[in-house]
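**Student:** Just run_0.tsv, nothing more (TSV, C-alpha atoms and all ligand atoms):
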```tsv
chain	number	residue	atom	x	y	z
W	59	MET	CA	3.51	6.26	8.04
W	60	ALA	CA	-0.05	6.04	6.72
W	61	GLU	CA	-0.83	2.70	5.08
W	62	VAL	CA	-4.40	3.65	4.24
W	63	GLU	CA	-5.12	6.83	2.29
W	64	VAL	CA	-8.46	8.55	2.65
W	65	GLY	CA	-9.76	11.03	0.09
W	66	ARG	CA	-13.02	12.89	-0.35
W	67	ASP	CA	-14.41	14.06	-3.69
W	68	GLY	CA	-17.77	15.71	-3.14
W	69	ASP	CA	-19.91	13.13	-1.37
W	70	VAL	CA	-17.70	10.15	-2.32
W	71	GLN	CA	-15.05	8.90	0.11
W	72	THR	CA	-12.23	6.81	-1.33
W	73	ILE	CA	-10.21	4.54	0.96
W	74	THR	CA	-6.98	3.29	-0.61
W	75	LEU	CA	-5.00	0.42	0.95
W	76	ASP	CA	-1.47	1.68	0.48
W	77	ARG	CA	1.25	-0.95	0.87
W	78	PRO	CA	1.90	-1.49	-2.84
W	79	ASP	CA	5.21	-3.37	-2.32
W	80	LYS	CA	3.30	-6.07	-0.41
W	81	LEU	CA	0.22	-6.06	-2.65
W	82	ASN	CA	-1.58	-4.24	0.19
W	83	ALA	CA	-1.33	-7.23	2.52
W	84	LEU	CA	-3.17	-6.60	5.74
W	85	THR	CA	-1.43	-5.89	9.05
W	86	ARG	CA	-2.88	-4.82	12.39
W	87	GLY	CA	-1.90	-1.24	11.49
W	88	VAL	CA	-3.80	-1.41	8.17
W	89	HIS	CA	-6.88	-2.77	9.97
W	90	GLU	CA	-6.77	0.08	12.48
W	91	GLU	CA	-6.44	2.74	9.78
W	92	LEU	CA	-9.14	1.08	7.69
W	93	HIS	CA	-11.40	1.10	10.73
W	94	ALA	CA	-10.78	4.82	11.31
W	95	ALA	CA	-11.57	5.48	7.62
W	96	LEU	CA	-14.82	3.50	7.86
W	97	GLU	CA	-15.76	5.46	10.98
W	98	GLU	CA	-15.14	8.69	9.06
W	99	ALA	CA	-17.37	7.35	6.26
W	100	ARG	CA	-20.34	7.41	8.67
W	101	ASP	CA	-20.46	11.18	8.15
W	102	PRO	CA	-23.87	11.79	6.50
W	103	ALA	CA	-22.10	14.05	3.98
W	104	VAL	CA	-20.52	10.87	2.56
W	105	ARG	CA	-23.06	9.14	0.31
W	106	ALA	CA	-20.87	6.48	-1.33
W	107	VAL	CA	-17.60	4.81	-0.36
W	108	VAL	CA	-14.92	3.26	-2.57
W	109	ILE	CA	-12.33	0.81	-1.23
W	110	THR	CA	-9.38	0.18	-3.54
W	111	GLY	CA	-5.66	-0.59	-3.51
W	112	ALA	CA	-2.49	1.23	-4.54
W	113	GLY	CA	-0.24	-0.31	-7.18
W	114	ARG	CA	-0.95	-3.66	-8.80
W	115	GLY	CA	-2.84	-5.17	-5.85
W	116	PHE	CA	-6.24	-4.74	-4.28
W	117	SER	CA	-5.09	-6.82	-1.30
W	118	ALA	CA	-3.21	-10.12	-0.94
W	119	GLY	CA	-4.95	-10.78	2.40
W	120	GLN	CA	-3.22	-11.28	5.71
W	121	ASP	CA	0.41	-10.15	5.68
W	122	LEU	CA	2.11	-13.49	6.08
W	123	GLY	CA	5.36	-11.79	7.10
W	124	ALA	CA	3.57	-10.08	9.98
W	125	PHE	CA	1.64	-13.23	10.88
W	126	GLY	CA	3.88	-13.68	13.93
W	127	GLU	CA	1.96	-10.77	15.44
W	128	ALA	CA	-1.23	-12.83	15.33
W	129	GLY	CA	-0.82	-14.84	18.56
W	130	ASP	CA	-4.35	-16.01	19.33
W	131	VAL	CA	-5.72	-16.23	15.77
W	132	ALA	CA	-9.41	-16.22	16.74
W	133	ALA	CA	-8.92	-13.19	18.98
W	134	MET	CA	-6.95	-11.44	16.23
W	135	LEU	CA	-9.70	-12.11	13.67
W	136	ARG	CA	-12.37	-10.79	16.04
W	137	ALA	CA	-10.40	-7.65	16.87
W	138	THR	CA	-9.36	-6.73	13.33
W	139	TYR	CA	-11.08	-8.39	10.34
W	140	HIS	CA	-14.50	-8.87	11.96
W	141	VAL	CA	-14.69	-5.26	13.11
W	142	ASN	CA	-14.10	-3.94	9.60
W	143	VAL	CA	-16.36	-6.43	7.81
W	144	LEU	CA	-19.16	-5.50	10.20
W	145	ALA	CA	-18.39	-1.78	9.78
W	146	ILE	CA	-18.84	-2.14	6.00
W	147	ARG	CA	-22.12	-4.02	6.38
W	148	SER	CA	-23.49	-1.49	8.86
W	149	LEU	CA	-22.52	1.60	6.82
W	150	GLU	CA	-25.78	3.14	5.68
W	151	LYS	CA	-24.54	3.87	2.17
W	152	PRO	CA	-23.21	1.83	-0.75
W	153	VAL	CA	-19.63	0.57	-0.53
W	154	ILE	CA	-17.86	-0.25	-3.80
W	155	ALA	CA	-14.83	-2.55	-3.92
W	156	ALA	CA	-12.79	-1.17	-6.83
W	157	VAL	CA	-10.66	-4.25	-7.46
W	158	ASN	CA	-7.73	-2.73	-9.29
W	159	GLY	CA	-5.50	-5.81	-9.14
W	160	VAL	CA	-4.61	-8.98	-7.23
W	161	CYS	CA	-7.28	-9.92	-4.74
W	162	ALA	CA	-6.48	-12.88	-2.45
W	163	GLY	CA	-7.32	-14.44	0.90
W	164	ALA	CA	-8.89	-12.03	3.33
W	165	GLY	CA	-8.50	-9.34	0.65
W	166	LEU	CA	-11.04	-11.34	-1.34
W	167	SER	CA	-13.29	-11.56	1.73
W	168	LEU	CA	-13.00	-7.80	2.16
W	169	ALA	CA	-14.05	-7.21	-1.46
W	170	CYS	CA	-16.98	-9.61	-0.98
W	171	ALA	CA	-18.12	-7.74	2.14
W	172	CYS	CA	-18.71	-4.67	-0.07
W	173	ASP	CA	-22.01	-3.99	-1.85
W	174	ILE	CA	-20.66	-3.78	-5.39
W	175	ARG	CA	-17.46	-5.08	-6.99
W	176	LEU	CA	-15.95	-3.42	-10.06
W	177	ALA	CA	-12.85	-5.10	-11.47
W	178	SER	CA	-10.02	-3.86	-13.63
W	179	ASP	CA	-9.12	-6.27	-16.41
W	180	ALA	CA	-5.72	-6.41	-14.66
W	181	ALA	CA	-7.32	-7.93	-11.55
W	182	PHE	CA	-7.33	-11.59	-10.65
W	183	PHE	CA	-8.83	-13.46	-7.73
W	184	VAL	CA	-7.11	-16.14	-5.65
W	185	PRO	CA	-8.67	-17.97	-2.67
W	186	GLY	CA	-5.28	-18.01	-0.89
W	187	PHE	CA	-6.45	-19.57	2.36
W	188	VAL	CA	-6.34	-23.21	1.26
W	189	GLY	CA	-2.89	-22.63	-0.24
W	190	ILE	CA	-1.56	-22.22	3.29
W	191	GLY	CA	-3.84	-24.74	5.01
W	192	LEU	CA	-6.50	-22.31	6.26
W	193	ILE	CA	-10.25	-21.87	5.90
W	194	PRO	CA	-11.90	-18.85	4.18
W	195	ASP	CA	-12.27	-16.43	7.08
W	196	SER	CA	-13.38	-12.80	7.43
W	197	GLY	CA	-16.76	-13.67	5.90
W	198	GLY	CA	-15.26	-15.83	3.14
W	199	THR	CA	-17.70	-18.67	3.78
W	200	PHE	CA	-20.66	-16.33	4.30
W	201	PHE	CA	-20.35	-13.93	1.37
W	202	LEU	CA	-19.02	-16.36	-1.22
W	203	GLN	CA	-21.82	-18.81	-0.53
W	204	ARG	CA	-24.33	-16.03	-1.19
W	205	LEU	CA	-22.54	-14.69	-4.23
W	206	LEU	CA	-21.64	-17.96	-5.93
W	207	GLY	CA	-23.77	-20.69	-4.33
W	208	THR	CA	-22.37	-23.45	-2.13
W	209	ALA	CA	-21.17	-25.81	-4.89
W	210	ARG	CA	-19.15	-23.22	-6.82
W	211	ALA	CA	-17.86	-21.49	-3.67
W	212	PHE	CA	-16.72	-24.78	-2.13
W	213	GLU	CA	-15.02	-26.01	-5.26
W	214	TRP	CA	-13.24	-22.71	-5.88
W	215	MET	CA	-12.19	-22.04	-2.31
W	216	THR	CA	-10.78	-25.56	-1.92
W	217	SER	CA	-8.93	-25.46	-5.25
W	218	ASN	CA	-6.95	-22.21	-4.85
W	219	ARG	CA	-7.50	-21.64	-8.57
W	220	ARG	CA	-6.64	-18.19	-9.94
W	221	LEU	CA	-9.75	-16.58	-11.48
W	222	THR	CA	-9.39	-13.89	-14.14
W	223	ALA	CA	-11.56	-10.75	-13.99
W	224	ALA	CA	-13.53	-12.05	-16.99
W	225	GLU	CA	-14.23	-15.36	-15.20
W	226	ALA	CA	-15.19	-13.49	-12.03
W	227	HIS	CA	-17.66	-11.49	-14.13
W	228	ALA	CA	-19.10	-14.63	-15.74
W	229	TRP	CA	-19.63	-16.05	-12.22
W	230	GLY	CA	-21.34	-12.87	-10.99
W	231	LEU	CA	-18.57	-12.18	-8.47
W	232	VAL	CA	-17.97	-8.75	-10.04
W	233	SER	CA	-20.59	-6.66	-11.78
W	234	GLU	CA	-18.31	-5.05	-14.35
W	235	VAL	CA	-14.84	-5.49	-15.84
W	236	ILE	CA	-13.17	-2.29	-16.99
W	237	GLU	CA	-9.98	-1.75	-19.00
W	238	ALA	CA	-7.13	-0.86	-16.64
W	239	ASP	CA	-6.55	2.48	-18.41
W	240	SER	CA	-10.10	3.70	-17.85
W	241	PHE	CA	-10.63	1.99	-14.46
W	242	ALA	CA	-10.18	5.01	-12.16
W	243	GLY	CA	-12.49	7.17	-14.29
W	244	ARG	CA	-15.22	4.54	-14.47
W	245	VAL	CA	-15.03	3.89	-10.71
W	246	SER	CA	-15.39	7.64	-10.00
W	247	ALA	CA	-18.35	7.90	-12.37
W	248	ARG	CA	-20.10	4.88	-10.82
W	249	ALA	CA	-19.43	6.15	-7.28
W	250	ALA	CA	-20.75	9.63	-8.17
W	251	GLU	CA	-23.87	8.03	-9.67
W	252	LEU	CA	-24.50	6.08	-6.45
W	253	ALA	CA	-23.78	9.15	-4.30
W	254	ALA	CA	-26.45	11.08	-6.23
W	255	ALA	CA	-29.06	8.37	-5.61
W	256	PRO	CA	-31.62	8.37	-2.75
W	257	THR	CA	-29.18	7.29	-0.02
W	258	ARG	CA	-31.77	6.35	2.63
W	259	ALA	CA	-33.57	4.01	0.22
W	260	ILE	CA	-30.24	2.44	-0.76
W	261	ALA	CA	-29.22	2.00	2.88
W	262	LEU	CA	-32.55	0.39	3.73
W	263	THR	CA	-32.27	-1.89	0.68
W	264	LYS	CA	-28.77	-2.94	1.81
W	265	ARG	CA	-30.05	-3.81	5.28
W	266	LEU	CA	-33.07	-5.67	3.93
W	267	TYR	CA	-30.96	-7.89	1.66
W	268	ASP	CA	-28.64	-8.70	4.56
W	269	GLU	CA	-31.61	-9.62	6.74
W	270	ALA	CA	-33.31	-11.59	3.94
W	271	ALA	CA	-30.49	-14.15	4.10
W	272	THR	CA	-31.79	-15.42	7.44
W	273	SER	CA	-35.50	-14.43	7.41
W	274	THR	CA	-38.76	-16.18	6.70
W	275	LEU	CA	-40.97	-14.64	4.02
W	276	GLU	CA	-43.39	-13.39	6.68
W	277	GLU	CA	-40.59	-11.69	8.63
W	278	GLN	CA	-39.17	-10.15	5.50
W	279	LEU	CA	-42.52	-8.81	4.26
W	280	GLU	CA	-42.94	-7.13	7.65
W	281	ARG	CA	-39.44	-5.64	7.49
W	282	GLU	CA	-40.13	-4.34	3.99
W	283	ALA	CA	-43.36	-2.71	5.17
W	284	GLU	CA	-41.53	-0.95	8.01
W	285	ALA	CA	-38.63	0.12	5.81
W	286	GLN	CA	-40.99	1.38	3.11
W	287	ALA	CA	-42.86	3.45	5.69
W	288	GLU	CA	-39.50	4.99	6.62
W	289	ALA	CA	-38.48	5.59	3.00
W	290	ALA	CA	-41.85	7.21	2.29
W	291	GLN	CA	-41.05	9.84	4.97
W	292	THR	CA	-37.91	11.06	3.19
W	293	ASN	CA	-37.44	14.25	1.21
W	294	ASP	CA	-36.04	12.05	-1.54
W	295	PHE	CA	-39.36	10.22	-1.91
W	296	ARG	CA	-41.19	13.57	-2.22
W	297	GLU	CA	-38.57	14.79	-4.71
W	298	GLY	CA	-38.74	11.54	-6.71
W	299	VAL	CA	-42.51	11.75	-7.09
W	300	ALA	CA	-42.42	15.50	-7.87
W	301	ALA	CA	-39.74	14.95	-10.52
W	302	PHE	CA	-41.79	12.16	-12.08
W	303	ARG	CA	-44.88	14.36	-12.27
W	304	GLU	CA	-42.91	17.31	-13.63
W	305	LYS	CA	-41.14	15.09	-16.18
W	306	ARG	CA	-37.63	16.10	-15.02
W	307	GLU	CA	-34.59	14.42	-13.48
W	308	ALA	CA	-34.85	14.00	-9.70
W	309	ARG	CA	-32.30	15.82	-7.54
W	310	PHE	CA	-31.88	13.57	-4.50
W	311	SER	CA	-30.32	14.99	-1.34
W	312	GLY	CA	-29.86	11.73	0.58
W	313	ARG	CA	-32.33	12.86	3.25
F	401	LIG	C1	2.91	-10.66	0.45
F	401	LIG	C2	1.68	-11.29	0.50
F	401	LIG	C3	1.11	-11.55	1.77
F	401	LIG	C4	2.98	-10.58	2.73
F	401	LIG	C5	2.20	-11.06	-1.55
F	401	LIG	N1	1.80	-11.18	2.83
F	401	LIG	N2	3.57	-10.30	1.56
F	401	LIG	C6	-6.26	-14.41	8.72
F	401	LIG	C7	-5.85	-14.57	10.05
F	401	LIG	C8	-4.79	-15.36	10.44
F	401	LIG	C9	-3.92	-15.94	9.73
F	401	LIG	C10	-3.69	-15.84	8.36
F	401	LIG	O1	-4.63	-15.49	7.46
F	401	LIG	C11	-5.74	-14.81	7.57
F	401	LIG	C12	-6.43	-14.48	6.35
F	401	LIG	C13	-5.70	-14.60	5.04
F	401	LIG	O2	-5.74	-13.67	4.31
F	401	LIG	S1	-4.93	-16.07	4.65
F	401	LIG	C14	-4.38	-15.81	3.01
F	401	LIG	C15	-3.16	-14.93	2.97
F	401	LIG	N3	-2.77	-14.63	1.61
F	401	LIG	C16	-2.17	-15.50	0.83
F	401	LIG	O3	-1.92	-16.63	1.16
F	401	LIG	C17	-1.73	-14.97	-0.52
F	401	LIG	C18	-0.21	-14.97	-0.59
F	401	LIG	N4	0.23	-14.37	-1.84
F	401	LIG	C19	0.19	-15.00	-3.01
F	401	LIG	O4	-0.20	-16.15	-3.14
F	401	LIG	C20	0.70	-14.25	-4.19
F	401	LIG	O5	1.53	-13.22	-3.74
F	401	LIG	C21	-0.46	-13.65	-5.04
F	401	LIG	C22	-1.19	-14.78	-5.77
F	401	LIG	C23	-1.42	-12.86	-4.19
F	401	LIG	C24	0.15	-12.68	-6.08
F	401	LIG	O6	1.17	-13.35	-6.79
F	401	LIG	P1	2.16	-12.51	-7.73
F	401	LIG	O7	1.39	-11.59	-8.59
F	401	LIG	O8	3.08	-13.49	-8.36
F	401	LIG	O9	2.99	-11.57	-6.71
F	401	LIG	P2	4.19	-11.98	-5.72
F	401	LIG	O10	3.89	-13.29	-5.09
F	401	LIG	O11	5.48	-11.82	-6.43
F	401	LIG	O12	4.06	-10.84	-4.58
F	401	LIG	C25	4.62	-9.53	-4.73
F	401	LIG	C26	5.19	-9.12	-3.39
F	401	LIG	O13	4.12	-9.06	-2.42
F	401	LIG	C27	6.18	-10.13	-2.85
F	401	LIG	O14	7.12	-9.40	-2.08
F	401	LIG	P3	8.68	-9.33	-2.56
F	401	LIG	O15	9.33	-8.53	-1.48
F	401	LIG	O16	9.16	-10.73	-2.69
F	401	LIG	O17	8.62	-8.63	-3.90
F	401	LIG	C28	5.35	-10.97	-1.91
F	401	LIG	O18	6.09	-11.61	-0.92
F	401	LIG	C29	4.43	-9.93	-1.34
F	401	LIG	N5	3.20	-10.53	-0.84
F	401	LIG	N6	1.25	-11.54	-0.76
F	401	LIG	N7	-0.09	-12.12	1.89
```
Could you spell out this file's structure in structure tokens?
Ligand code: LHQ

**Tutor:**
Amino acid sequence: MAEVEVGRDGDVQTITLDRPDKLNALTRGVHEELHAALEEARDPAVRAVVITGAGRGFSAGQDLGAFGEAGDVAAMLRATYHVNVLAIRSLEKPVIAAVNGVCAGAGLSLACACDIRLASDAAFFVPGFVGIGLIPDSGGTFFLQRLLGTARAFEWMTSNRRLTAAEAHAWGLVSEVIEADSFAGRVSARAAELAAAPTRAIALTKRLYDEAATSTLEEQLEREAEAQAEAAQTNDFREGVAAFREKREARFSGR
């Protein structure tokens, strides 16, 4: 039975984790289906991706019932979580985490691996890991340090404190909090907006920010120059300039 649903609406692909009874806790099967969905999202016709959850959870992280299947934990992390986190980072298009509900443990790491986080006001965020004597894996130390700074990330991740969507917004962890009733509509509108943007420029911007985390200024200036030369070759750059001159809205194709 499918535990990850994949839908396509125009140039937006929506990936829904679909184990609502277990708050979309992650099993090896879910990882495999998520990976297949992320592979499908590489299709150039897809210009924005949404990852969300069915029911009242985004994801409660590792399925602790299925943890017996883990065996060698490091090998399991490499084969499942790492593959999908890296797939999200290497997707050359924006990935939105639409955090509809509970977001804990590696589910939180998964949301943080995405480019943008939108939260329902029904969502809440729980570190999870420390509650069971573990460290924040699946990028939990990497992304949360960048999003929150070391002091806040350390204190939160070692406290296991439940954060409301409003607090997550105040901390900059999510960019928007939306009433649960209008959440799906707002997510679709935001995804459509991103899908209509100049996709190559967005993909290059995503890569540059990832690289900036470990670059010197000199290296980064050089990368920007190369990326800008590439962006300046796109149809979207020509269209953007033409639209500006003609005082009209640009119609970007993503090429
Ligand atoms: C769950 C889970 C869950 C299974 C709720 N698994 N069923 C990587 C590699 C190797 C080892 C392990 O870990 C990792 C990475 C990780 O992700 S570690 C962190 C794992 N996650 C957690 O520790 C979170 C555990 N869950 C919770 O603390 C709570 O369920 C939260 C705070 C998420 C939600 O609380 P509530 O809203 O009160 O919901 P609930 O606890 O009543 O859960 C609803 C159902 O979902 C319940 O099932 P049941 O059959 O009793 O109705 C839970 O057992 C099930 N569920 N999380 N991770």

**Student:** Take atom CA of Ala253 of chain W and atom CA of Phe201 of chain W and report the distance between them in Å, one decimal.

**Tutor:**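 Taking atom CA of Ala253 of chain W as the start and atom CA of Phe201 of chain W as the end point, the length is 24.0 Å.
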
**Student:** Compile the contact shell of Arg281 of chain W as JSON, numbers by chain: residues with an atom at most 12 Å away, counting all atoms listed in the file, same-chain residues fewer than 4 positions apart removed.

**Tutor:** {"W": [262, 263, 265, 266, 267, 268, 269, 270, 273, 274, 275, 276, 277, 285, 286, 287, 288]}

**Student:** Contacts of segment 67-77 of chain W at 6 Å or less, counting all atoms listed in the file, minus same-chain residues fewer than 4 places along, as a ChimeraX atom specification?

**Tutor:** /W:61-63,82,103-112

**Student:** Select, from W:Gly198, W:Gly119, W:Gly129, W:Gly207, the residue with the minimum atom-to-atom distance to Cys161 of chain W, counting only C-alpha atoms.

**Tutor:**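 The shortest atom-to-atom distance to Cys161 of chain W comes from W:Gly119.
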
**Student:** Quick one: everything within 12 Å of Gln291 of chain W, counting only C-alpha atoms, minus sequence neighbours fewer than 6 positions away in the same chain. Send it as a ChimeraX atom specification.

**Tutor:** /W:258-259,284-285,297,313

**Student:** Give me, please, the distance in Å between atom P2 of ligand LIG 401 (chain F) and atom CA of Ala95 of chain W, quoted to one decimal.

**Tutor:**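 The value is 27.0 Å.
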
**Student:** Identify, on the basis of only C-alpha atoms, every residue whose closest approach to Thr85 of chain W does not exceed 8 Å; exclude the query and any residue fewer than 3 positions from it along the same chain; express the result as a PyMOL selection string.

**Tutor:** chain W and resi 88-89+120-121+124

**Student:** Report, in Å with one decimal, the straight-line distance from atom CA of Ile190 of chain W to atom S1 of ligand LIG 401 (chain F).

**Tutor:**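 Answer for the atom CA of Ile190 of chain W to atom S1 of ligand LIG 401 (chain F) separation: 7.1 Å.
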
**Student:** Can you complete the atoms of segment 113-127 of chain W to N, CA, C and O atoms and list them as a JSON list (two decimals), in the coordinates of the input?

**Tutor:**
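Now in part-v4.json:
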```json
[["chain", "number", "residue", "atom", "x", "y", "z"],
["W", 113, "GLY", "N", -1.14, 0.58, -6.44],
["W", 113, "GLY", "CA", -0.24, -0.31, -7.18],
["W", 113, "GLY", "C", -0.98, -1.43, -7.89],
["W", 113, "GLY", "O", -2.13, -1.26, -8.29],
["W", 114, "ARG", "N", -0.34, -2.59, -8.00],
["W", 114, "ARG", "CA", -0.95, -3.66, -8.80],
["W", 114, "ARG", "C", -1.78, -4.64, -7.97],
["W", 114, "ARG", "O", -2.21, -5.67, -8.45],
["W", 115, "GLY", "N", -2.02, -4.29, -6.69],
["W", 115, "GLY", "CA", -2.84, -5.17, -5.85],
["W", 115, "GLY", "C", -4.06, -4.46, -5.31],
["W", 115, "GLY", "O", -4.03, -3.24, -5.09],
["W", 116, "PHE", "N", -5.13, -5.23, -5.12],
["W", 116, "PHE", "CA", -6.24, -4.74, -4.28],
["W", 116, "PHE", "C", -5.82, -5.07, -2.85],
["W", 116, "PHE", "O", -5.50, -4.19, -2.07],
["W", 117, "SER", "N", -5.71, -6.36, -2.55],
["W", 117, "SER", "CA", -5.09, -6.82, -1.30],
["W", 117, "SER", "C", -4.80, -8.31, -1.40],
["W", 117, "SER", "O", -5.65, -9.08, -1.86],
["W", 118, "ALA", "N", -3.61, -8.70, -0.95],
["W", 118, "ALA", "CA", -3.21, -10.12, -0.94],
["W", 118, "ALA", "C", -3.59, -10.79, 0.37],
["W", 118, "ALA", "O", -3.07, -11.87, 0.69],
["W", 119, "GLY", "N", -4.50, -10.16, 1.15],
["W", 119, "GLY", "CA", -4.95, -10.78, 2.40],
["W", 119, "GLY", "C", -3.98, -10.56, 3.53],
["W", 119, "GLY", "O", -3.14, -9.64, 3.48],
["W", 120, "GLN", "N", -4.08, -11.41, 4.52],
["W", 120, "GLN", "CA", -3.22, -11.28, 5.71],
["W", 120, "GLN", "C", -1.75, -11.18, 5.31],
["W", 120, "GLN", "O", -1.29, -11.97, 4.47],
["W", 121, "ASP", "N", -1.04, -10.23, 5.90],
["W", 121, "ASP", "CA", 0.41, -10.15, 5.68],
["W", 121, "ASP", "C", 1.05, -11.35, 6.36],
["W", 121, "ASP", "O", 1.06, -11.45, 7.59],
["W", 122, "LEU", "N", 1.57, -12.24, 5.54],
["W", 122, "LEU", "CA", 2.11, -13.49, 6.08],
["W", 122, "LEU", "C", 3.46, -13.25, 6.76],
["W", 122, "LEU", "O", 3.86, -14.04, 7.62],
["W", 123, "GLY", "N", 4.12, -12.15, 6.41],
["W", 123, "GLY", "CA", 5.36, -11.79, 7.10],
["W", 123, "GLY", "C", 5.06, -11.33, 8.51],
["W", 123, "GLY", "O", 5.80, -11.62, 9.45],
["W", 124, "ALA", "N", 3.94, -10.64, 8.67],
["W", 124, "ALA", "CA", 3.57, -10.08, 9.98],
["W", 124, "ALA", "C", 2.68, -11.05, 10.76],
["W", 124, "ALA", "O", 2.12, -10.69, 11.78],
["W", 125, "PHE", "N", 2.57, -12.29, 10.25],
["W", 125, "PHE", "CA", 1.64, -13.23, 10.88],
["W", 125, "PHE", "C", 2.04, -13.55, 12.31],
["W", 125, "PHE", "O", 1.21, -13.86, 13.15],
["W", 126, "GLY", "N", 3.38, -13.43, 12.58],
["W", 126, "GLY", "CA", 3.88, -13.68, 13.93],
["W", 126, "GLY", "C", 3.17, -12.83, 14.96],
["W", 126, "GLY", "O", 3.06, -13.21, 16.12],
["W", 127, "GLU", "N", 2.64, -11.68, 14.50],
["W", 127, "GLU", "CA", 1.96, -10.77, 15.44],
["W", 127, "GLU", "C", 0.59, -11.31, 15.84],
["W", 127, "GLU", "O", -0.06, -10.77, 16.72]]
```
